[in-house]
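So the structure is just underneath, and the comments pick up after that.
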Amino acid sequence: MPKFYITTPIYYVNDVPHIGHAYTTIAADVLARYRRLKGDDVFYLTGLDEHGQKIMEAAEKKGVAVQTHVDQMAAGFKKAWAALNISNDDFIRTTEPRHEKVVQEFFRRMKENGDVYKGEYEGWYCVPCETYWTETQLRENPKSQVSREAGPNPTAEYVCPDCGREVHKVKEETYFFRLSKYQDRLLKHFAENPDFLLPVSRRNEILSFIHQGLKDLSISRTTFNWGVPIPGDPAHVIYVWFDALINYVSALGDLQEKFWPADVHVMGKEIIRFHAVIWPCMLMSVGLPLPKKIFGHGWWTVEGKKMSKSAGNVVDPVALANEFGVDAVRYFLLREVPFGSDGDFSRESFINRFNADLANDIGNLLHRSLTMCEKYFNGVIPDPKNHKFDDLSKELVHLAEATIGDVDKALNQLAFSDALAHIWKLINLANTYIEKEAPWKVSKAGETEKLAAIIFNLLEVLRIVAILITPYMPSTGEKMLTQLNTLDLRDLAIGKKIANRKIAKGQPLFPRLETK
């Protein structure tokens with residue numbers, strides 16, 4: 001069995017999961033489910049990053065022990081992923097002994113290879129992003145001039161170029177990783193592996209960053225102790241990003257030889273630099289292969305505005321699923337925008353797509369087709385002598401066959417929206433097929449064999465559609481196959497295996513939503 005190892009980033013436990021977390025996790029889940037459907041041996045990893053200054057400060061603010069805080073947050077993430085029908089094989093937490101052990105081993109090996117040395121770091125640090133910045137990378141704080149004119153206790157002079165919040169100057173003893181040593185080797189890897197980082201816009205951005213020159217990275221902190229202690233020097237804890245990235249290896253344990261390197265790391269574009277620059281160099285240092293692909297998707301806004309707690313517009317994916325159904329949420333997020341581009345969420349766009357795509361297109365197609373099978377053939381799927389009896393039927397069957405390959409190609413490129421567009425093209429043609437063939441007229445004319453072919457083609461197309469949408473909408477796919485009286489998820493060959501089966505028509509899949 002071919003192996004397939006897919007990961008999400010490990011999410012920072014500073015808040016409950018929002019729609020951005022769900023987007024990444026559902027996308028990876030779709031790919032994992034599709035690969036299992038194809039017969040691959042899949043390992044799907046997600047988890048949490050639980051170390052760092054920001055986590056420690058959040059626990060102190062709540063007045064609880066840090067471990068208690070992260071345990072509470074972890075429970076929330078696990079509950080959310082269960083609610084969204086995520087099929088991860090493991091859930092790694094950076095506070096687990098199995099992870100800390102591997103982090104310390106990475107540090108030892110890198111130090112033994114001459115890639116770690118002790119020195120002093122003086123520069124700028126963003127606590128919310130847990131990121132170091134040089135002065136040339138920072139943005140001037142627009143509030144600083146006003147603050148200086150107002151008198152004492154001035155506002156910080158600079159803000160983080162990523163999050164826009166104030167950065168602070170730090171000076172402390174630290175261990176450095178010789179990141180600069182691997183610049184040429186990293187550029188060579190990019191040149192030899194054009195699909196290593198996608199989409200192309202992210203690749204160009206990272207190459208530009210590398211060409212500016214990589215500087216050695218501070219990888220330890222002494223100003224707090226919530227982290228993995230450095231072997232032999234417990235006054236230092238390992239820098240949270242250095243610690244977190246190693247989860248992709250630490251989670252595998254005895255399965256490392258089987259599944260590493262990862263086939264694809266999926267993440268939001270804001271953390272690409274850590275994964276496409278620091279992580280590959282760390283792997284080079286310890287002598288491990290690099291991941292095959294890194295993909296950075298876009299951000300979600302809400303009605304044109306950036307999501308934030310202060311704005312009160314953070315979308316809770318679990319609440320959305322409770323209101324409209326899990327499968328509808330999974331479908332919307334991966335259909336609405338191309339994976340890699342930014343997207344905008346609104347209830348109006350959600351309801352419009354629900355009614356158009358789910359209620360009208362696929363839901364109506366299934367219900368009409370099963371109803372006609374009951375009416376004309378007592379609920380038994382007919383077995384026509386020649387189901388490709390005319391040009392319309394040949395076109396429908398040909399598109400069904402082509403769609404299987406088109407979906408496979410799109411998903412191999414992580415083009416989730418494109419894959420769904422191919423499936424919906426087939427659904428729309430099937431709906432058109434009903435109108436053009438007009439089975440009610442064929443029945444009235446007594447053309448039983450022709451009618452049998454029409455109904456068979458519709459139900460066979462629906463079987464193919466049900467299998468192809470199962471990675472996206474697992475419950476919907478299962479319901480469709482149950483109504484067609486087959487649960488075989490791997491038989492995508494178009495034939496007559498469902499002929500003579502007794503259907504079990506259920507309720508409409510997606511009743512229309514009322515718009516206010």
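Letters for chains follow the order of the structure tokens (A, B, ...), residue numbers begin at 1 for each chain, and ligand numbers begin at 1 in the order shown.
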Quick one: DSSP strand (DSSP E or B) residues in segment 320-505 of chain A, as a short mmCIF file (atom, residue, chain, number, x, y, z; two decimals) with C-alpha atoms, in the first residue's frame?
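This went into states.cif:
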```cif
data_model
loop_
_atom_site.label_atom_id
_atom_site.label_comp_id
_atom_site.auth_asym_id
_atom_site.auth_seq_id
_atom_site.Cartn_x
_atom_site.Cartn_y
_atom_site.Cartn_z
CA PHE A 339 -7.40 26.72 -2.04
CA SER A 341 -6.56 32.30 -2.28
CA GLY A 343 -11.86 33.96 1.07
CA ASP A 344 -14.68 35.96 2.59
CA PHE A 345 -17.42 34.48 4.77
CA VAL A 380 -35.85 -1.62 -8.20
CA LYS A 502 -33.97 -2.28 -4.24
#
```
Inset, instruction - Can you pull out every residue within 7 Å of segment 355-367 of chain A, counting only C-alpha atoms, but drop anything in the same chain fewer than 6 positions away, and send it as a list in words? - result: Ile427, Asn428, Asn431, Leu462, Pro508, Leu509, Phe510, Pro511, Arg512 and Leu513 of chain A
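Atom pair atom CA of Val329 of chain A / atom CA of Ile423 of chain A has a distance of 17.5 Å (rounded to one decimal).
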Legend entry - 12 Å contact set for Val170 of chain A, only C-alpha atoms, chain neighbours under 6 positions out, as a ChimeraX atom specification: /A:120-127,131-134,218,221-223
Filtering to C-alpha atoms, could you give me those residues as a short mmCIF file (atom, residue, chain, number, x, y, z; two decimals), in the first residue's frame?
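Result saved to result.cif:
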```
data_model
loop_
_atom_site.label_atom_id
_atom_site.label_comp_id
_atom_site.auth_asym_id
_atom_site.auth_seq_id
_atom_site.Cartn_x
_atom_site.Cartn_y
_atom_site.Cartn_z
CA GLU A 120 23.87 36.65 23.19
CA TYR A 121 20.76 37.84 21.40
CA GLU A 122 19.78 41.47 21.28
CA GLY A 123 16.85 42.44 19.12
CA TRP A 124 13.11 42.67 18.77
CA TYR A 125 10.56 40.07 19.80
CA CYS A 126 6.80 39.79 19.19
CA VAL A 127 5.22 37.83 22.04
CA THR A 131 8.77 35.69 16.49
CA TYR A 132 12.15 37.46 16.37
CA TRP A 133 12.55 40.41 14.01
CA THR A 134 15.42 42.59 12.83
CA SER A 218 18.08 32.28 18.40
CA ARG A 221 14.94 31.65 26.02
CA THR A 222 15.91 32.30 29.64
CA THR A 223 13.25 34.84 30.67
#
```
Inset, instruction - Taking the DSSP assignment computed from this structure's backbone, write out as a PyMOL selection string all residues of segment 8-74 of chain A that belong to alpha helix (DSSP H). - result: chain A and resi 19-37+53-62+66-74
Legend entry - Neighbour list for Lys78 of chain A as an MDAnalysis selection string, cut-off 12 Å, only C-alpha atoms, skip fewer than 2 positions in-chain: chainID A and resid 11 13 16:17 22 25 46:48 71:76 80:88 90:93 318
Those same residues, written as an mmCIF file, in the first residue's frame with C-alpha atoms?
```
data_model
loop_
_atom_site.group_PDB
_atom_site.id
_atom_site.type_symbol
_atom_site.label_atom_id
_atom_site.label_comp_id
_atom_site.auth_asym_id
_atom_site.auth_seq_id
_atom_site.Cartn_x
_atom_site.Cartn_y
_atom_site.Cartn_z
ATOM 1 C CA TYR A 11 -2.442 25.195 16.559
ATOM 2 C CA VAL A 13 -3.745 27.097 22.351
ATOM 3 C CA VAL A 16 -10.932 28.312 20.838
ATOM 4 C CA PRO A 17 -10.898 27.015 17.250
ATOM 5 C CA ALA A 22 -11.373 24.550 10.691
ATOM 6 C CA THR A 25 -8.142 20.906 9.306
ATOM 7 C CA THR A 46 -3.002 17.444 13.855
ATOM 8 C CA GLY A 47 -2.422 18.789 17.346
ATOM 9 C CA LEU A 48 -1.484 21.704 19.562
ATOM 10 C CA ASP A 71 -5.407 20.831 29.137
ATOM 11 C CA GLN A 72 -8.634 22.852 29.066
ATOM 12 C CA MET A 73 -7.820 24.338 25.668
ATOM 13 C CA ALA A 74 -6.831 20.940 24.240
ATOM 14 C CA ALA A 75 -10.189 19.484 25.263
ATOM 15 C CA GLY A 76 -11.919 22.265 23.307
ATOM 16 C CA ALA A 80 -14.372 20.726 17.845
ATOM 17 C CA TRP A 81 -12.597 18.281 15.518
ATOM 18 C CA ALA A 82 -14.923 15.477 16.579
ATOM 19 C CA ALA A 83 -17.911 17.745 15.892
ATOM 20 C CA LEU A 84 -16.576 18.546 12.407
ATOM 21 C CA ASN A 85 -16.029 14.848 11.621
ATOM 22 C CA ILE A 86 -12.230 15.076 11.384
ATOM 23 C CA SER A 87 -10.579 11.677 10.870
ATOM 24 C CA ASN A 88 -7.093 12.415 12.227
ATOM 25 C CA ASP A 90 -3.116 11.227 15.964
ATOM 26 C CA PHE A 91 -3.319 14.402 18.035
ATOM 27 C CA ILE A 92 0.088 15.595 19.199
ATOM 28 C CA ARG A 93 0.600 18.019 22.094
ATOM 29 C CA VAL A 318 -18.974 24.248 15.467
#
```
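Between atom CA of Phe295 of chain A and atom CA of Leu426 of chain A the interatomic distance comes to 28.1 Å.
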For the contact check between segment 115-197 of chain A and segment 261-275 of chain A, emit one row per residue of segment 115-197 of chain A within 10 Å, containing the shortest atom pair and the distance in Å rounded to one decimal, counting only C-alpha atoms, chain then rising number order, as a Markdown table.
```
| residue | atom | partner | partner_atom | distance |
| --- | --- | --- | --- | --- |
| A:Cys129 | CA | A:Ile271 | CA | 9.7 |
| A:Thr131 | CA | A:Phe274 | CA | 9.7 |
| A:Asp162 | CA | A:Glu270 | CA | 7.7 |
| A:Cys163 | CA | A:Glu270 | CA | 9.6 |
| A:Phe196 | CA | A:Val264 | CA | 9.1 |
| A:Leu197 | CA | A:Ile272 | CA | 8.9 |
```
Generate a file of the selected residues that holds N, CA and C atoms, formatted as an mmCIF file, in the first residue's frame.
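again-v7.cif written:
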```cif
data_model
loop_
_atom_site.group_PDB
_atom_site.id
_atom_site.type_symbol
_atom_site.label_atom_id
_atom_site.label_comp_id
_atom_site.auth_asym_id
_atom_site.auth_seq_id
_atom_site.Cartn_x
_atom_site.Cartn_y
_atom_site.Cartn_z
ATOM 1 N N CYS A 129 3.191 36.584 18.325
ATOM 2 C CA CYS A 129 3.618 35.730 17.213
ATOM 3 C C CYS A 129 4.762 34.804 17.597
ATOM 4 N N THR A 131 7.884 35.537 17.642
ATOM 5 C CA THR A 131 8.766 35.691 16.490
ATOM 6 C C THR A 131 9.822 36.765 16.747
ATOM 7 N N ASP A 162 3.840 41.264 10.972
ATOM 8 C CA ASP A 162 2.797 40.266 10.735
ATOM 9 C C ASP A 162 1.476 40.635 11.396
ATOM 10 N N CYS A 163 1.529 40.867 12.726
ATOM 11 C CA CYS A 163 0.271 41.060 13.465
ATOM 12 C C CYS A 163 -0.016 42.514 13.788
ATOM 13 N N PHE A 196 7.873 22.049 -4.261
ATOM 14 C CA PHE A 196 8.139 21.927 -2.824
ATOM 15 C C PHE A 196 7.258 22.871 -2.020
ATOM 16 N N LEU A 197 7.072 24.085 -2.515
ATOM 17 C CA LEU A 197 6.234 25.073 -1.833
ATOM 18 C C LEU A 197 5.217 25.636 -2.824
#
```
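Between atom CA of Val42 of chain A and atom CA of Tyr12 of chain A the separation is 24.7 Å.
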Quick one: which segment 168-205 of chain A residues come within 10 Å of segment 402-419 of chain A, and what is the nearest atom pair for each with the distance in Å to one decimal, counting only C-alpha atoms, rows ordered by chain and ascending number, as a tab-separated table?
```
residue	atom	partner	partner_atom	distance
A:Asp195	CA	A:Gln413	CA	9.6
A:Leu198	CA	A:Gln413	CA	9.3
A:Pro199	CA	A:Gln413	CA	9.7
```
Inset, instruction - Mind checking which residues fall within 6 Å of Ile503 of chain A, counting only C-alpha atoms, ignoring those fewer than 2 positions away in the same chain, and posting them as a ChimeraX atom specification? - result: /A:379,483-485
